[in-house]
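Report on one structure; see the data block that follows.
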Amino acid sequence: MFDSVARRARVGVFGYFGLCGMTIGIWAASLPALADRLDLTAGRTGTALLLISLSALVSMQAAGRMADRWSSRRLTWVAGPLHALLLLGPAFAGSYSALLVGAVVFGLGFGLLEVGMNAHAVEVEVRYDRPIMSAFHGLWSLGGAVAGLVTAAAMRGGLGVQALLVGTALVMAVLFLLPARLLLPGPAARETSEASPEAARSGRGRIPKVIVLLGVVMLAGAICEGGAMDWAAMHARRVLHVSADLAPLSYTVYSVAMTTMRFLGDRLRGRLGGGRTLRLAGTVAATGYALVLLAPSAGGAALGCAWAGWVLVGIGLATVVPVGFSSAGADSASAGRTIALLTSFGYGGLLAGPAVIGHLAEATSLRTALVLPGVLAVFVALAGPPAIRVLAARRAPAPETATLEKAS
């Protein structure tokens with residue numbers, strides 16, 4: 001049974017996920033106004049976003065080692081306010097070159113926080129001894145949605161983009177200090193450091209192949225997610241030929257379905273277990289993509305068919321990342337590096353997925369290109385459960401140990 005310390009830490013991690021979602025959400029929602037202020041082309045804006053993603057991927061690897069050496073608690077303590085303050089770089093950028101430098105630095109801070117708070121979330125879930133990871137990611141999504149409303153209200157009220165970003169950086173840096181006091185006390189890395197030097201070096205040097213397999217599953221899920229995020233509205237506009245005001249709703253129904261399911265996903269995983277949850281997740285997402293692909297043949301019900309498909313895609317993909325982190329992060333003495341690896345797989349999929357689908361669409365058609373995420377959703381359903389079973393077997397006590405425990 002979890003205790004008051006675990007309860008406090010859960011609230012603290014909720015705070016980090018929500019604040020991170022808001023910070024990233026305000027940055028994303030402010031990007032069009034920032035591009036206007038610096039007179040950026042779409043290509044230059046894309047380059048800045050790409051640099052944020054690449055620098056985040058680099059810092060995630062360093063963050064994994066930091067979490068294992070210093071503890072996820074200390075890394076999260078530092079990374080939260082730092083992540084917010086580094087938004088000052090893009091905010092004060094007066095030229096395109098200055099924006100690129102600011103984008104790189106901002107991405108580095110984001111990568112540190114992503115690994116730190118997810119690694120600490122795994123530790124809190126282990127302390128709870130029941131699934132709680134999915135709700136953390138749900139609050140991240142909710143924070144992003146709130147950020148969009150805040151940004152719209154600020155812009156409508158006449159606040160300039162620079163003032164908005166500066167205010168966000170300073171206010172969020174202070175707010176990140178509040179949940180920091182609630183995190184689990186004591187670094188988890190002490191257990192590893194008290195082991196023999198040879199064991200510690202071995203734990204840091206190798207990540208089991210099953211973790212890599214699970215990372216590939218998360219990569220596949222992230223490509224499916226990126227396909228929905230960046231191409232749902234485009235599918236409605238260019239394949240179904242709906243009006244420009246209706247097309248964005250395809251992304252909206254997907255996003256609402258995913259956020260809602262993330263708040264319900266912990267209960268589902270508690271009943272089914274991680275393996276069955278991934279099988280169901282991949283199956284539901286694949287069914288959703290099948291409906292999207294069939295939508296053009298549905299006549300007058302085409303848009304409704306596509307929306308039903310995007311809802312199923314959102315529901316299915318919502319649990320893939322939380323289940324992956326929970327199953328793998330608690331398995332290794334080098335939990336920080338494990339979380340860093342999985343985060344890189346997932347983030348890399350979100351980065352590469354839309355681009356791959358775009359190139360396939362250019363070579364064939366968007367309808368044909370969306371077959372790829374549908375196939376990858378099937379891969380999640382097939383490859384995810386065996387990986388979860390292997391991880392569960394690794395954590396299970398040996399038969400002799402289990403017998404002694406029962407006898408005692």
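Identifiers for the structure tokens are assigned positionally: chains receive A, B, ... in sequence, residues are indexed from 1 per chain, and ligands are indexed from 1 in the order shown.
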
With a cut-off of 10 Å, could you pull out the residues of range 98-123 of chain A touching range 130-152 of chain A and give me the nearest pair of atoms for each, distance in Å to one decimal, using only C-alpha atoms, ordered by chain and ascending number, as JSON lines?
{"residue": "A:Met117", "atom": "CA", "partner": "A:Phe136", "partner_atom": "CA", "distance": 9.7}
{"residue": "A:Asn118", "atom": "CA", "partner": "A:Met133", "partner_atom": "CA", "distance": 8.7}
{"residue": "A:Ala121", "atom": "CA", "partner": "A:Met133", "partner_atom": "CA", "distance": 6.7}
{"residue": "A:Val122", "atom": "CA", "partner": "A:Met133", "partner_atom": "CA", "distance": 7.2}

- [ ] Write down as JSON, numbers by chain the residues of range 233-379 of chain A whose backbone DSSP state falls under alpha helix (DSSP H).
- [x] {"A": [233, 234, 235, 236, 237, 238, 249, 250, 251, 252, 253, 254, 255, 256, 257, 258, 259, 260, 261, 262, 263, 264, 265, 266, 267, 268, 269, 270, 271, 272, 274, 275, 276, 277, 278, 279, 280, 281, 282, 283, 284, 285, 286, 287, 288, 289, 290, 291, 292, 293, 294, 302, 303, 304, 305, 306, 307, 308, 309, 310, 311, 312, 313, 314, 315, 316, 317, 320, 321, 322, 323, 324, 325, 326, 327, 328, 329, 335, 336, 337, 338, 339, 340, 341, 342, 343, 344, 345, 346, 347, 348, 349, 350, 351, 352, 353, 354, 355, 356, 357, 358, 359, 360, 361, 362, 363, 366, 367, 368, 369, 371, 372, 373, 374, 375, 376, 377, 378, 379]}

Open item on the list: If I take CA of Thr41 in chain A and CA of Arg156 in chain A, how far is one from the other in Å, to one decimal?
Closed with: 23.6 Å

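Nearest residue to Leu280 in chain A among A:Ile223, A:Ala301, A:Val380, A:Ala163 is A:Val380, counting only C-alpha atoms.
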
Task: Counting only C-alpha atoms, the option among A:Thr45, A:Thr259, A:Ser297, A:Thr23 closest to Tyr96 in chain A - done: A:Thr45

Hey, what's within 8 Å of Val371 in chain A if we count only C-alpha atoms and toss same-chain stuff fewer than 4 positions away? As an mmCIF file with N, CA and C atoms, in the first residue's frame, please?
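Resulting contents of out.cif:
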data_model
loop_
_atom_site.group_PDB
_atom_site.id
_atom_site.type_symbol
_atom_site.label_atom_id
_atom_site.label_comp_id
_atom_site.auth_asym_id
_atom_site.auth_seq_id
_atom_site.Cartn_x
_atom_site.Cartn_y
_atom_site.Cartn_z
ATOM 1 N N TYR A 289 -7.091 3.312 -38.008
ATOM 2 C CA TYR A 289 -6.483 3.661 -39.297
ATOM 3 C C TYR A 289 -7.221 2.993 -40.453
ATOM 4 N N LEU A 293 -8.739 4.932 -43.670
ATOM 5 C CA LEU A 293 -8.436 4.543 -45.048
ATOM 6 C C LEU A 293 -9.706 4.240 -45.846
ATOM 7 N N ARG A 367 -3.588 8.931 -48.992
ATOM 8 C CA ARG A 367 -4.373 7.762 -48.572
ATOM 9 C C ARG A 367 -3.491 6.522 -48.525
ATOM 10 N N VAL A 375 -0.119 -0.297 -40.482
ATOM 11 C CA VAL A 375 0.695 -1.520 -40.364
ATOM 12 C C VAL A 375 1.529 -1.484 -39.086
#

Open item on the list: Using only C-alpha atoms, which protein or nucleic acid residues come within 10 Å of Ala48 in chain A? Drop anything in the same chain fewer than 6 positions from it, and give the result as a PyMOL selection string.
Closed with: chain A and resi 90+96-97+99-104

Open item on the list: Could you check the closest approach to Ala381 in chain A for each of A:Ala361, A:Leu294, A:Met218, A:Ala257 and tell me which residue wins, using only C-alpha atoms?
Closed with: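 Residue with the minimum atom-to-atom distance to Ala381 in chain A: A:Met218.
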
Residues of range 27-83 of chain A at most 6 Å from range 169-183 of chain A: nearest atom pair and distance in Å, only C-alpha atoms, as CSV:
residue,atom,partner,partner_atom,distance
A:Trp77,CA,A:Ala180,CA,5.7
A:Gly80,CA,A:Phe176,CA,5.6
A:Pro81,CA,A:Ala173,CA,4.1

- [ ] One decimal, Å: what's the distance from CA of Met22 in chain A over to CA of Asp129 in chain A, could you say?
- [x]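 One can read the CA of Met22 in chain A to CA of Asp129 in chain A distance as 28.5 Å.
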